[in-house]
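K.L.:
Handing you a structure now.
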Amino acid sequence: MADVLHEDRNGCALHGAIKALSAVEALVPVLHASSGCSIGARYGENTLAGSLSNAAGWLETSSTNLQEKHVVFGGTSRLREQLKNTVKVVKGELYTVVTGCVPEVVGDDVPAMVKESREQRYPTIGIMAPGFKGNGWFGYAAAVRQVLEQLPTLGQEPRQEKTDLVNLFGIAPGLDPFWEGDLEEVAGALESIGLSVNRLFGAGERPAAWQGAHHATLNVVLSPWGLEAAEFLKSRDGIPFLDFGFLPVGSRDLGGLVSRVAKELGLPEDASAAFAKAQDARQRYNLRKAAPALLSGKFQRRTAVVAGSSAAVGIARFLSGTLGQIVTTLVVTDNPLDEVRAAIVNQVREASEGIEIDVHFADSAAQVRQFLSEAKPELVLGSALERSWTSAHGAALVEVAGPLREELVLEQRLAGTTGALQLVSRIARSLHSAGLPVVSGIRPEDASRSVERAKEPSAVAAGVA
Amino acid sequence: MSLTRQKLSPLREKRIGAVSAWSGSLDAFVREAATGEIEQRIRTYAQDTPNDVEYALELLRTLDVAIVVHGPAGCAAGLQRSVGGRLPWLVTNLNERDSIMGSDVKLRKAIQEAHKAYGAKAIAVVTTPVVAINNDDVDSVTEELKDELSIPVVAVYVDGFRSKVGSSGLDAVIHALVKHLLPVRRRGEGAHVNLLSVSENRSDVDHLRGLLTEIGIESVLFPRFADVQDAAQVVAAKLSVAIDPDAADYAGKVLEGNYGIPFLRTPAPVGVQATAKWLGILGKELGLESKVDALVGRESLRLSKLVQGASVSGSKVFLNLPASQVFAFRALAKELGLEVVGIKTPWIAAHHAALAVEAVQETPELPILAGDGQPFEEVNLLGRIRPDLYITSGAPAIHVLRLGIPVLDLSDLPLLGFAGMEQVVRGIERTLSNTALSRFLAEGADEPYDPSWLKKSVHWYIKQEVK
């Protein structure tokens, strides 16, 4: 679907790779590209999604800044020079060359330079991420797989299964604006049943976590973009993976995830059941507290969700399946591969209540706006790019996907009970300030899509069953 | 003679000798400049820096044109800053196959979609590294669609690798606008002037425009914040005046060369003195001296009280501003009783020595650093000179806060003219009045840089270019 894009939100493969690598502490990306290739990615983030990396600012990416002579004569020697000096200027535990479009077209011998650096005993690997290969999500997936693939070249101890260790894959730093909080939320949940978790990204996650990733007993995949790494580790190291497929937003799905992981690992069910029950109770307690606002008659709205597949599915399941919003429309914006699209539709619909949700796939803002115009939602959970539509149509907007322009995201999250409750607060605030008219009814065309459904079993019951 | 006959605009390093890698004392700079040119230098360690594509897009997003970026999707990502901007943008989203086989079909489609979806009065097409390497024939597509759609289709040729000075991309936009948006011929002469803005923020532009209105001068904006419908007005102007003499130099010269519109040489209006001079030159040219005198007299009086009352005296400041503004800013700082202890500028050229005559006499050892971005050199330098305050306009300064140095960022605040002076004084006062944040951020900060780098001289990785 590499078609013309209106107001692209996903960037290119290089952006996904550079955002991911910048989110690992003490990993030093060395950009081999023409100048500016990481800068655009940062402008997209803006200050409101937070700065990606712990220590370095966004102008501090080591880069060969290729000039015309390198385009004509090749940039290999420039890369040698930059690598040699990067290890002297920047402290790091893993130096990672990231190759952009220009050297890929020109045909620079990057592996030779990486090998040279390694021979001088600097831990160096190289990954290819030319922007024309795919969007940012594709770049995240390719970067994670390539790093895992290359780490053994630095000398890695043989796999020794740690029966309590799991890796999380599929939450893409910078592309998922809430990535850091979401990773913490999911990791915290799994840790509560006695597992240790490699988040791989964010504060405290260093190359050592990546070096140890192949000891894991299970990989947990939280979006289609985590499959590439999980499949790679399965084929190379025989590590099984659980393809959960989406972000667990709300207590039910987080409890469900913990239960499924426990089951997969053959852990006793009581701990995961207790966790799920406690999460449900906490969410119920708080939603009861919110009841006056929820029952004001102005909360239950026709809703559309516009986001990358993982967050879009997770949010829609919570909004429709627990909160009782009238979710009519989902627009999945990260352009997932054709083969996972049917699964995405199923994941949304299996947990939705009332009206069957229309699921669209579109990464061009013009198409997104067209779908919104057809659905006429009163509430949109999407990116700042949806603001032009919501403003023109008097709908409320809650920013849940990049680019963000209203939220300064620090530890906020979408995942779990914490994320769901934060989302409820934000929806209430947004609906309040949008000043929508009193609730309009369900539109006839939506009502005709109403689904008959047996009552959803609670996550606790599902986990125990 | 048409200066825009060529397809590509001249690079800043060729046209005005701009150098984006230089480090040394002010005295050494002035001495080298006396030879007539500053030699080109490169970095053997570098950090990513905005390229000409980024600069071009940043300027274009302020115009009421639809932008079509011709390249892989990432090349347009900088435009995500423009959410809610004047018009939507598109990207041709080139994939691997397109990068080999060419992509004129996609370009055509994108331009047509931009026209159809947003009713743009003009469309700017911006090229990117992949398209430049493949030498795609963009011109024939844009020329054809210009006729087909009956609107200007402006091809901006930037490539990410020809220039070492990213802001050459601003000249590329000016070149393309003059070539494809402005009428070919000047018809008649109006009473208005062109206010040439290239890099300024909206509040600065509005303020200066307001000052012009107050002394009876109508102005048209070009190229920044320009409206397509004003194109004919631009070429009918009585004269052009730059806000920043460096940034707008190419625009002024091209309008002068192509249309015979006189280009007034003025200093950047930073501080009361320079603003008075800026207005004075204009006033004299247009016979409005008495109005200028009244305005300047009133504002000088008001601002001198402000300066006298300011409680910022004695602090040491580091300035990160364009070279065309930074020496005037130094004079302003001096008036406030501040000591400028270091200067950073995105690029520098021999002609800047003329702005530093007073400064070099007073502080010959003042460290000067030229580079767009490159925080690693700043961290090294700032660690040695430990200023009390770092003043910048737009360059993200996380690395400065990390050192415990408070930062005043003027990118969204007025910096120029009388209003700018007032805001700058207040901003400095405000920033220095509570420095808790930078101190907290510095406590136990983990510097990403190797200690051995911080002991080396700042210019360690800047070398003369071997051709």
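Residue numbering restarts at 1 for every chain of the structure tokens, chains are lettered A, B, ... in their displayed order, and ligands are numbered from 1 as they appear.
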Do you know which residues are at most 12 Å from Gln347 (chain A) counting only C-alpha atoms, after dropping those on the same chain fewer than 2 positions away, and could you put them as a ChimeraX atom specification?
P.N.:
/A:223,243-248,253,309-318,321,330,340-345,349-352,357,359
K.L.:
Could you take the residues named above and write them with N, CA and C atoms, as a CSV table (one decimal), in the first residue's frame?
P.N.:
chain,number,residue,atom,x,y,z
A,223,SER,N,1.7,-6.6,19.6
A,223,SER,CA,1.2,-6.0,18.3
A,223,SER,C,1.8,-6.8,17.2
A,243,ASP,N,1.2,-14.9,21.1
A,243,ASP,CA,0.8,-13.7,20.2
A,243,ASP,C,-0.5,-13.2,20.8
A,244,PHE,N,-0.4,-12.3,21.8
A,244,PHE,CA,-1.6,-11.7,22.4
A,244,PHE,C,-2.2,-10.7,21.4
A,245,GLY,N,-1.3,-10.0,20.6
A,245,GLY,CA,-1.8,-9.3,19.4
A,245,GLY,C,-2.1,-7.8,19.6
A,246,PHE,N,-2.4,-7.4,20.8
A,246,PHE,CA,-2.8,-6.0,21.0
A,246,PHE,C,-2.5,-5.6,22.4
A,247,LEU,N,-2.7,-4.3,22.7
A,247,LEU,CA,-2.4,-3.7,24.0
A,247,LEU,C,-3.5,-4.0,25.0
A,248,PRO,N,-3.2,-4.6,26.1
A,248,PRO,CA,-4.3,-4.9,27.1
A,248,PRO,C,-4.7,-3.6,27.8
A,253,ASP,N,-8.6,-7.2,30.0
A,253,ASP,CA,-7.5,-7.7,29.1
A,253,ASP,C,-6.2,-7.8,29.7
A,309,SER,N,-2.4,-0.4,15.2
A,309,SER,CA,-3.3,-1.6,15.5
A,309,SER,C,-3.3,-2.0,16.9
A,310,SER,N,-2.2,-2.0,17.6
A,310,SER,CA,-2.2,-2.5,19.0
A,310,SER,C,-3.0,-1.6,19.9
A,311,ALA,N,-2.8,-0.3,19.9
A,311,ALA,CA,-3.5,0.6,20.7
A,311,ALA,C,-5.0,0.7,20.3
A,312,ALA,N,-5.2,0.7,19.0
A,312,ALA,CA,-6.6,0.8,18.5
A,312,ALA,C,-7.5,-0.3,19.0
A,313,VAL,N,-6.9,-1.5,18.8
A,313,VAL,CA,-7.7,-2.7,19.2
A,313,VAL,C,-7.9,-2.7,20.8
A,314,GLY,N,-6.9,-2.4,21.5
A,314,GLY,CA,-7.0,-2.4,23.0
A,314,GLY,C,-8.0,-1.4,23.5
A,315,ILE,N,-7.9,-0.2,22.9
A,315,ILE,CA,-8.8,0.9,23.3
A,315,ILE,C,-10.2,0.6,23.0
A,316,ALA,N,-10.4,0.1,21.7
A,316,ALA,CA,-11.8,-0.2,21.3
A,316,ALA,C,-12.4,-1.3,22.2
A,317,ARG,N,-11.7,-2.3,22.5
A,317,ARG,CA,-12.2,-3.4,23.4
A,317,ARG,C,-12.6,-2.9,24.7
A,318,PHE,N,-11.8,-2.0,25.3
A,318,PHE,CA,-12.2,-1.4,26.6
A,318,PHE,C,-13.4,-0.5,26.5
A,321,GLY,N,-16.4,-2.9,25.3
A,321,GLY,CA,-16.7,-4.1,26.1
A,321,GLY,C,-16.8,-3.8,27.5
A,330,LEU,N,-13.5,1.9,13.7
A,330,LEU,CA,-12.0,1.8,14.1
A,330,LEU,C,-11.3,2.0,12.8
A,340,VAL,N,-2.3,-10.2,8.8
A,340,VAL,CA,-2.7,-10.1,10.2
A,340,VAL,C,-4.0,-9.3,10.3
A,341,ARG,N,-4.6,-8.8,9.2
A,341,ARG,CA,-5.7,-7.9,9.3
A,341,ARG,C,-7.0,-8.6,9.7
A,342,ALA,N,-7.2,-9.8,9.3
A,342,ALA,CA,-8.4,-10.6,9.7
A,342,ALA,C,-8.3,-10.7,11.2
A,343,ALA,N,-7.2,-11.1,11.8
A,343,ALA,CA,-7.0,-11.3,13.2
A,343,ALA,C,-7.4,-10.0,14.0
A,344,ILE,N,-6.9,-8.8,13.4
A,344,ILE,CA,-7.2,-7.6,14.0
A,344,ILE,C,-8.7,-7.3,14.1
A,345,VAL,N,-9.4,-7.6,13.0
A,345,VAL,CA,-10.9,-7.4,13.0
A,345,VAL,C,-11.5,-8.3,14.0
A,349,ARG,N,-13.8,-7.3,17.3
A,349,ARG,CA,-15.3,-7.6,17.3
A,349,ARG,C,-15.6,-8.6,18.5
A,350,GLU,N,-14.7,-9.5,18.8
A,350,GLU,CA,-15.0,-10.5,19.8
A,350,GLU,C,-15.3,-9.8,21.2
A,351,ALA,N,-14.7,-8.6,21.4
A,351,ALA,CA,-15.0,-8.0,22.7
A,351,ALA,C,-15.9,-6.8,22.7
A,352,SER,N,-16.5,-6.6,21.5
A,352,SER,CA,-17.3,-5.4,21.4
A,352,SER,C,-18.8,-5.7,21.7
A,357,ILE,N,-18.5,-3.2,15.2
A,357,ILE,CA,-17.6,-2.1,14.9
A,357,ILE,C,-17.1,-2.3,13.4
A,359,VAL,N,-14.3,-1.8,10.9
A,359,VAL,CA,-12.8,-1.7,11.0
A,359,VAL,C,-12.2,-1.4,9.6
K.L.:
Can you pull out every residue within 12 Å of Asp8 (chain A), counting only C-alpha atoms, but drop anything in the same chain fewer than 3 positions away, and send it as a compact mmCIF listing (two decimals) with N, CA and C atoms, in the first residue's frame?
P.N.:
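File selection38.txt, as written:
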# COMPACT_ATOMS: atom_id res chain seq x y z
N ALA A 2 1.99 1.19 -0.72
CA ALA A 2 2.86 2.38 -0.72
C ALA A 2 2.28 3.43 -1.64
N ASP A 3 1.13 3.95 -1.25
CA ASP A 3 0.46 4.95 -2.07
C ASP A 3 0.81 6.34 -1.54
N VAL A 4 0.43 7.35 -2.30
CA VAL A 4 0.61 8.72 -1.85
C VAL A 4 -0.06 8.91 -0.50
N LEU A 5 0.60 9.60 0.41
CA LEU A 5 0.03 9.79 1.75
C LEU A 5 -0.27 11.26 2.01
N GLY A 11 6.04 8.05 9.55
CA GLY A 11 7.45 8.20 9.24
C GLY A 11 7.98 7.04 8.41
N CYS A 12 9.30 6.93 8.36
CA CYS A 12 9.90 5.87 7.54
C CYS A 12 10.61 4.86 8.43
N ALA A 41 12.23 12.92 12.36
CA ALA A 41 11.57 12.03 13.32
C ALA A 41 11.32 12.74 14.63
N GLY A 44 8.50 15.33 14.56
CA GLY A 44 7.21 14.69 14.68
C GLY A 44 6.84 14.45 16.13
N ASN A 135 7.37 1.82 6.60
CA ASN A 135 7.08 2.91 7.53
C ASN A 135 7.78 2.69 8.87
N GLY A 136 7.54 3.60 9.80
CA GLY A 136 8.24 3.55 11.07
C GLY A 136 8.01 2.25 11.84
N THR A 333 -4.16 2.65 11.66
CA THR A 333 -3.36 3.59 10.86
C THR A 333 -1.92 3.16 10.62
N ASP A 334 -1.51 1.99 11.14
CA ASP A 334 -0.08 1.66 11.02
C ASP A 334 0.23 0.74 9.83
N ASN A 335 -0.74 0.52 8.98
CA ASN A 335 -0.54 -0.25 7.76
C ASN A 335 0.04 -1.65 8.03
N ALA A 362 -6.25 2.49 7.13
CA ALA A 362 -5.88 3.65 6.31
C ALA A 362 -4.76 4.41 7.00
N ASP A 363 -3.72 4.75 6.24
CA ASP A 363 -2.65 5.55 6.85
C ASP A 363 -2.56 6.95 6.26
N SER A 364 -3.45 7.28 5.37
CA SER A 364 -3.47 8.61 4.79
C SER A 364 -4.56 9.42 5.49
N ALA A 365 -4.21 10.63 5.93
CA ALA A 365 -5.16 11.42 6.72
C ALA A 365 -6.43 11.74 5.94
N ALA A 366 -6.31 11.85 4.62
CA ALA A 366 -7.48 12.17 3.82
C ALA A 366 -8.50 11.02 3.91
N GLN A 367 -7.98 9.78 3.85
CA GLN A 367 -8.87 8.62 3.97
C GLN A 367 -9.47 8.53 5.37
N VAL A 368 -8.64 8.79 6.36
CA VAL A 368 -9.14 8.75 7.74
C VAL A 368 -10.30 9.73 7.89
N SER A 383 -5.14 10.85 16.79
CA SER A 383 -3.94 11.68 16.89
C SER A 383 -4.32 13.14 16.68
N ALA A 384 -3.33 14.00 16.82
CA ALA A 384 -3.57 15.42 16.58
C ALA A 384 -4.00 15.68 15.14
N LEU A 385 -3.70 14.75 14.23
CA LEU A 385 -4.09 14.94 12.83
C LEU A 385 -5.61 14.86 12.66
N GLU A 386 -6.30 14.28 13.64
CA GLU A 386 -7.77 14.21 13.55
C GLU A 386 -8.43 15.50 14.03
N GLY A 402 0.21 9.05 17.92
CA GLY A 402 1.08 10.11 17.42
C GLY A 402 0.63 10.62 16.06
N PRO A 403 0.90 11.86 15.73
CA PRO A 403 1.54 12.86 16.59
C PRO A 403 0.57 13.46 17.61
N VAL B 68 3.89 19.09 -1.46
CA VAL B 68 4.05 17.69 -1.85
C VAL B 68 5.53 17.35 -1.69
N VAL B 69 5.85 16.51 -0.73
CA VAL B 69 7.23 16.06 -0.56
C VAL B 69 7.41 14.84 -1.45
N PRO B 72 10.65 9.22 0.17
CA PRO B 72 10.11 8.29 1.16
C PRO B 72 9.37 9.06 2.26
N ALA B 73 8.44 8.39 2.93
CA ALA B 73 7.55 9.08 3.87
C ALA B 73 8.31 9.86 4.94
N GLY B 74 9.45 9.31 5.39
CA GLY B 74 10.17 9.95 6.48
C GLY B 74 10.66 11.34 6.16
N CYS B 75 10.90 11.62 4.88
CA CYS B 75 11.40 12.94 4.50
C CYS B 75 10.39 14.04 4.79
N ALA B 76 9.12 13.67 4.96
CA ALA B 76 8.09 14.67 5.25
C ALA B 76 7.76 14.75 6.73
N ALA B 77 8.42 13.93 7.55
CA ALA B 77 8.00 13.82 8.95
C ALA B 77 8.11 15.14 9.70
N GLY B 78 9.07 15.97 9.30
CA GLY B 78 9.21 17.26 9.96
C GLY B 78 7.94 18.08 9.89
N LEU B 79 7.11 17.81 8.89
CA LEU B 79 5.88 18.57 8.73
C LEU B 79 4.83 18.21 9.77
N GLN B 80 5.07 17.14 10.52
CA GLN B 80 4.11 16.84 11.60
C GLN B 80 4.04 17.99 12.59
N ARG B 81 5.09 18.83 12.58
CA ARG B 81 5.02 20.05 13.41
C ARG B 81 3.91 20.97 12.95
N SER B 82 3.50 20.80 11.69
CA SER B 82 2.56 21.75 11.11
C SER B 82 1.11 21.35 11.30
N VAL B 83 0.86 20.35 12.14
CA VAL B 83 -0.53 19.95 12.37
C VAL B 83 -1.34 21.20 12.69
N PRO B 88 -2.87 21.25 4.42
CA PRO B 88 -2.30 19.92 4.59
C PRO B 88 -1.12 19.69 3.64
N TRP B 89 -0.34 18.65 3.93
CA TRP B 89 0.79 18.30 3.08
C TRP B 89 0.64 16.85 2.62
N LEU B 90 1.38 16.50 1.59
CA LEU B 90 1.35 15.12 1.09
C LEU B 90 2.78 14.63 0.89
N VAL B 91 2.95 13.34 0.85
CA VAL B 91 4.25 12.77 0.52
C VAL B 91 4.02 11.64 -0.47
N THR B 92 4.93 11.56 -1.47
CA THR B 92 4.73 10.53 -2.50
C THR B 92 5.03 9.13 -1.96
N ASN B 93 5.70 9.06 -0.79
CA ASN B 93 5.88 7.77 -0.10
C ASN B 93 6.59 6.75 -1.00
K.L.:
Using backbone DSSP assignments, extract all strand (DSSP E or B) residues from region 164-403 of chain A; output them as a PyMOL selection string.
P.N.:
chain A and resi 165-169+173+176+196-198+218-221+241-243+249+302-307+326-332+355+358-361+379-382+396-399
K.L.:
Between A:Glu445, A:Glu157, A:Glu231, A:Glu356, which residue has the minimum interatomic distance to His215 (chain A), considering only C-alpha atoms?
P.N.:
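When distances to His215 (chain A) are compared using only C-alpha atoms, the smallest one comes from A:Glu157.
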K.L.:
Pick the closest to Thr435 (chain B) from B:Leu389, B:Val173, B:Val466, B:Ala46: which is it, counting only C-alpha atoms?
P.N.:
B:Leu389
K.L.:
Please identify all polymer residues within 10 Å of Glu68 (chain A), counting only C-alpha atoms, omitting same-chain residues fewer than 3 positions from it, and present them as an mmCIF file with N, CA and C atoms, in the first residue's frame.
P.N.:
data_model
loop_
_atom_site.group_PDB
_atom_site.id
_atom_site.type_symbol
_atom_site.label_atom_id
_atom_site.label_comp_id
_atom_site.auth_asym_id
_atom_site.auth_seq_id
_atom_site.Cartn_x
_atom_site.Cartn_y
_atom_site.Cartn_z
ATOM 1 N N SER A 34 22.426 10.734 4.930
ATOM 2 C CA SER A 34 22.613 12.158 4.707
ATOM 3 C C SER A 34 22.093 12.896 5.938
ATOM 4 N N VAL A 71 28.190 10.624 -1.916
ATOM 5 C CA VAL A 71 27.186 10.066 -2.824
ATOM 6 C C VAL A 71 27.870 9.606 -4.108
ATOM 7 N N VAL A 72 28.842 10.401 -4.545
ATOM 8 C CA VAL A 72 29.514 10.090 -5.805
ATOM 9 C C VAL A 72 30.544 8.969 -5.621
ATOM 10 N N PHE A 73 31.388 9.107 -4.567
ATOM 11 C CA PHE A 73 32.504 8.170 -4.424
ATOM 12 C C PHE A 73 32.281 7.108 -3.348
ATOM 13 N N GLY A 74 31.138 7.150 -2.670
ATOM 14 C CA GLY A 74 30.892 6.184 -1.606
ATOM 15 C C GLY A 74 31.204 6.782 -0.245
ATOM 16 N N GLY A 75 30.504 6.330 0.769
ATOM 17 C CA GLY A 75 30.649 6.909 2.105
ATOM 18 C C GLY A 75 31.301 5.973 3.105
ATOM 19 N N ILE B 133 19.387 11.680 -6.177
ATOM 20 C CA ILE B 133 20.383 10.696 -6.646
ATOM 21 C C ILE B 133 19.913 10.052 -7.950
ATOM 22 N N ASP B 159 18.221 18.458 -1.607
ATOM 23 C CA ASP B 159 18.684 17.085 -1.754
ATOM 24 C C ASP B 159 19.329 16.491 -0.516
ATOM 25 N N GLY B 160 19.567 17.296 0.512
ATOM 26 C CA GLY B 160 20.113 16.747 1.746
ATOM 27 C C GLY B 160 21.609 16.534 1.761
ATOM 28 N N PHE B 161 22.298 16.668 0.638
ATOM 29 C CA PHE B 161 23.738 16.381 0.670
ATOM 30 C C PHE B 161 24.636 17.375 -0.068
ATOM 31 N N ARG B 162 24.068 18.259 -0.874
ATOM 32 C CA ARG B 162 24.947 19.160 -1.629
ATOM 33 C C ARG B 162 25.563 20.232 -0.739
ATOM 34 N N SER B 163 24.777 20.750 0.205
ATOM 35 C CA SER B 163 25.265 21.863 1.020
ATOM 36 C C SER B 163 25.609 21.405 2.430
ATOM 37 N N LYS B 164 26.673 21.970 2.987
ATOM 38 C CA LYS B 164 27.005 21.725 4.379
ATOM 39 C C LYS B 164 26.243 22.694 5.282
#
K.L.:
Quote the spacing between CA of Gly210 (chain B) and CA of Leu170 (chain B) in Å to one decimal place.
P.N.:
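So the two atoms, CA of Gly210 (chain B) and CA of Leu170 (chain B), lie 24.9 Å apart.
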K.L.:
Select from chain A every residue with an atom at most 7 Å from any atom of chain B, then for each give the shortest pair of atoms and their distance in Å to one decimal, using only C-alpha atoms, rows by chain and rising number, as a tab-separated table.
P.N.:
residue	atom	partner	partner_atom	distance
A:Ala2	CA	B:Asn93	CA	6.2
A:Asp3	CA	B:Asn93	CA	6.4
A:Val4	CA	B:Thr92	CA	4.5
A:Leu5	CA	B:Val91	CA	5.3
A:His6	CA	B:Leu90	CA	4.3
A:Glu7	CA	B:Trp89	CA	5.4
A:Asp8	CA	B:Ala73	CA	6.9
A:Gly11	CA	B:Gly74	CA	4.3
A:Cys12	CA	B:Gly74	CA	4.2
A:His15	CA	B:Gly74	CA	6.9
A:Ser34	CA	B:Phe161	CA	5.9
A:Ser35	CA	B:Asn51	CA	5.5
A:Gly36	CA	B:Pro50	CA	4.4
A:Ser38	CA	B:Asp48	CA	6.9
A:Ile39	CA	B:Pro50	CA	6.2
A:Gly40	CA	B:Gly78	CA	4.1
A:Ala41	CA	B:Ala77	CA	5.9
A:Tyr43	CA	B:Gly78	CA	5.1
A:Gly44	CA	B:Gln80	CA	4.9
A:Ala55	CA	B:Pro448	CA	6.2
A:Ala56	CA	B:Pro448	CA	6.5
A:Gly57	CA	B:Ile398	CA	5.5
A:Leu59	CA	B:Gly373	CA	6.0
A:Glu60	CA	B:Gln47	CA	5.6
A:Thr61	CA	B:Gln47	CA	5.2
A:Ser62	CA	B:Gln47	CA	4.4
A:Ser63	CA	B:Gln47	CA	5.0
A:Thr64	CA	B:Ala46	CA	6.5
A:Asn65	CA	B:Asp48	CA	6.5
A:Leu66	CA	B:Phe161	CA	6.2
A:Gln67	CA	B:Phe161	CA	4.5
A:Glu68	CA	B:Arg162	CA	5.1
A:Glu81	CA	B:Thr44	CA	6.3
A:Gln82	CA	B:Tyr45	CA	5.3
A:Asn85	CA	B:Tyr45	CA	5.7
A:Thr86	CA	B:Tyr45	CA	6.6
A:Lys88	CA	B:Asp450	CA	6.6
A:Val89	CA	B:Asp450	CA	5.3
A:Val90	CA	B:Tyr449	CA	4.4
A:Lys91	CA	B:Asp450	CA	5.1
A:Cys101	CA	B:Val130	CA	6.9
A:Val102	CA	B:Val130	CA	6.7
A:Gly131	CA	B:Pro72	CA	6.0
A:Phe132	CA	B:Asn95	CA	4.4
A:Lys133	CA	B:Glu96	CA	5.7
A:Gly134	CA	B:Asn95	CA	7.0
A:Ala384	CA	B:Val83	CA	6.9
A:Leu385	CA	B:Val83	CA	6.2
A:Ser388	CA	B:Gly84	CA	6.7
A:Pro403	CA	B:Gln80	CA	6.9
K.L.:
Could you tell me how far CA of Gly371 (chain B) lies from CA of Pro322 (chain B), in Å and to one decimal?
P.N.:
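Computed distance, CA of Gly371 (chain B) to CA of Pro322 (chain B), equals 10.4 Å.
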K.L.:
DSSP on the backbone, then: every residue of region 51-272 of chain B marked alpha helix (DSSP H), written as a ChimeraX atom specification.
P.N.:
/B:52-60,96-101,104-118,129-134,138-149,168-180,202-214,231-235,249-259,271-272
K.L.:
If we count only C-alpha atoms and set the cut-off at 8 Å, which residues sit around Glu161 (chain A), ignoring sequence neighbours fewer than 3 positions away in its own chain? Please answer as a CSV table (one decimal) with C-alpha atoms, in the first residue's frame.
P.N.:
chain,number,residue,atom,x,y,z
A,214,HIS,CA,17.7,-15.4,24.2
A,215,HIS,CA,17.5,-17.0,27.7
A,216,ALA,CA,13.8,-16.2,27.9
A,217,THR,CA,11.3,-18.9,28.4
K.L.:
Excluding Ala56 (chain B) and its own-chain neighbours fewer than 4 positions away, which residues fall within 10 Å of it when counting only C-alpha atoms? Please give them as a ChimeraX atom specification.
P.N.:
/B:51-52,60-61,126-127,156-158,166-174
K.L.:
Can those selected residues be exported to a file as a PDB file, in the first residue's frame so that it contains C-alpha atoms?
P.N.:
ATOM      1  CA  ASN B  51      19.456  19.478   6.163  1.00  0.00           C
ATOM      2  CA  ASP B  52      18.209  21.744   3.399  1.00  0.00           C
ATOM      3  CA  LEU B  60       7.104  26.476   3.192  1.00  0.00           C
ATOM      4  CA  ARG B  61       4.695  25.462   5.955  1.00  0.00           C
ATOM      5  CA  VAL B 126       9.988  19.463  -2.524  1.00  0.00           C
ATOM      6  CA  THR B 127      12.611  16.968  -3.664  1.00  0.00           C
ATOM      7  CA  VAL B 156      11.912  23.314  -4.776  1.00  0.00           C
ATOM      8  CA  TYR B 157      15.172  21.469  -5.441  1.00  0.00           C
ATOM      9  CA  VAL B 158      16.786  20.327  -2.230  1.00  0.00           C
ATOM     10  CA  GLY B 166      21.240  23.377   5.918  1.00  0.00           C
ATOM     11  CA  SER B 167      19.802  26.874   5.637  1.00  0.00           C
ATOM     12  CA  SER B 168      20.774  26.819   1.942  1.00  0.00           C
ATOM     13  CA  GLY B 169      17.342  25.163   1.728  1.00  0.00           C
ATOM     14  CA  LEU B 170      15.768  28.531   2.567  1.00  0.00           C
ATOM     15  CA  ASP B 171      17.421  30.016  -0.508  1.00  0.00           C
ATOM     16  CA  ALA B 172      16.163  27.065  -2.559  1.00  0.00           C
ATOM     17  CA  VAL B 173      12.601  27.966  -1.535  1.00  0.00           C
ATOM     18  CA  ILE B 174      13.126  31.634  -2.358  1.00  0.00           C
TER      19      ILE B 174
END
K.L.:
Can you pull out every residue within 9 Å of region 202-205 of chain A, counting only C-alpha atoms, but drop anything in the same chain fewer than 4 positions away, and send it as JSON, numbers by chain?
P.N.:
{"A": [23, 24, 25, 26, 52, 53, 54, 173, 179, 180, 183, 184, 198, 209, 210]}
K.L.:
From the options A:Leu154, A:Leu267, A:Val106, A:Leu222, which residue's atoms come nearest to Ala187 (chain A), counting only C-alpha atoms?
P.N.:
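Answer, going by the shortest atom-to-atom distance: A:Leu222.
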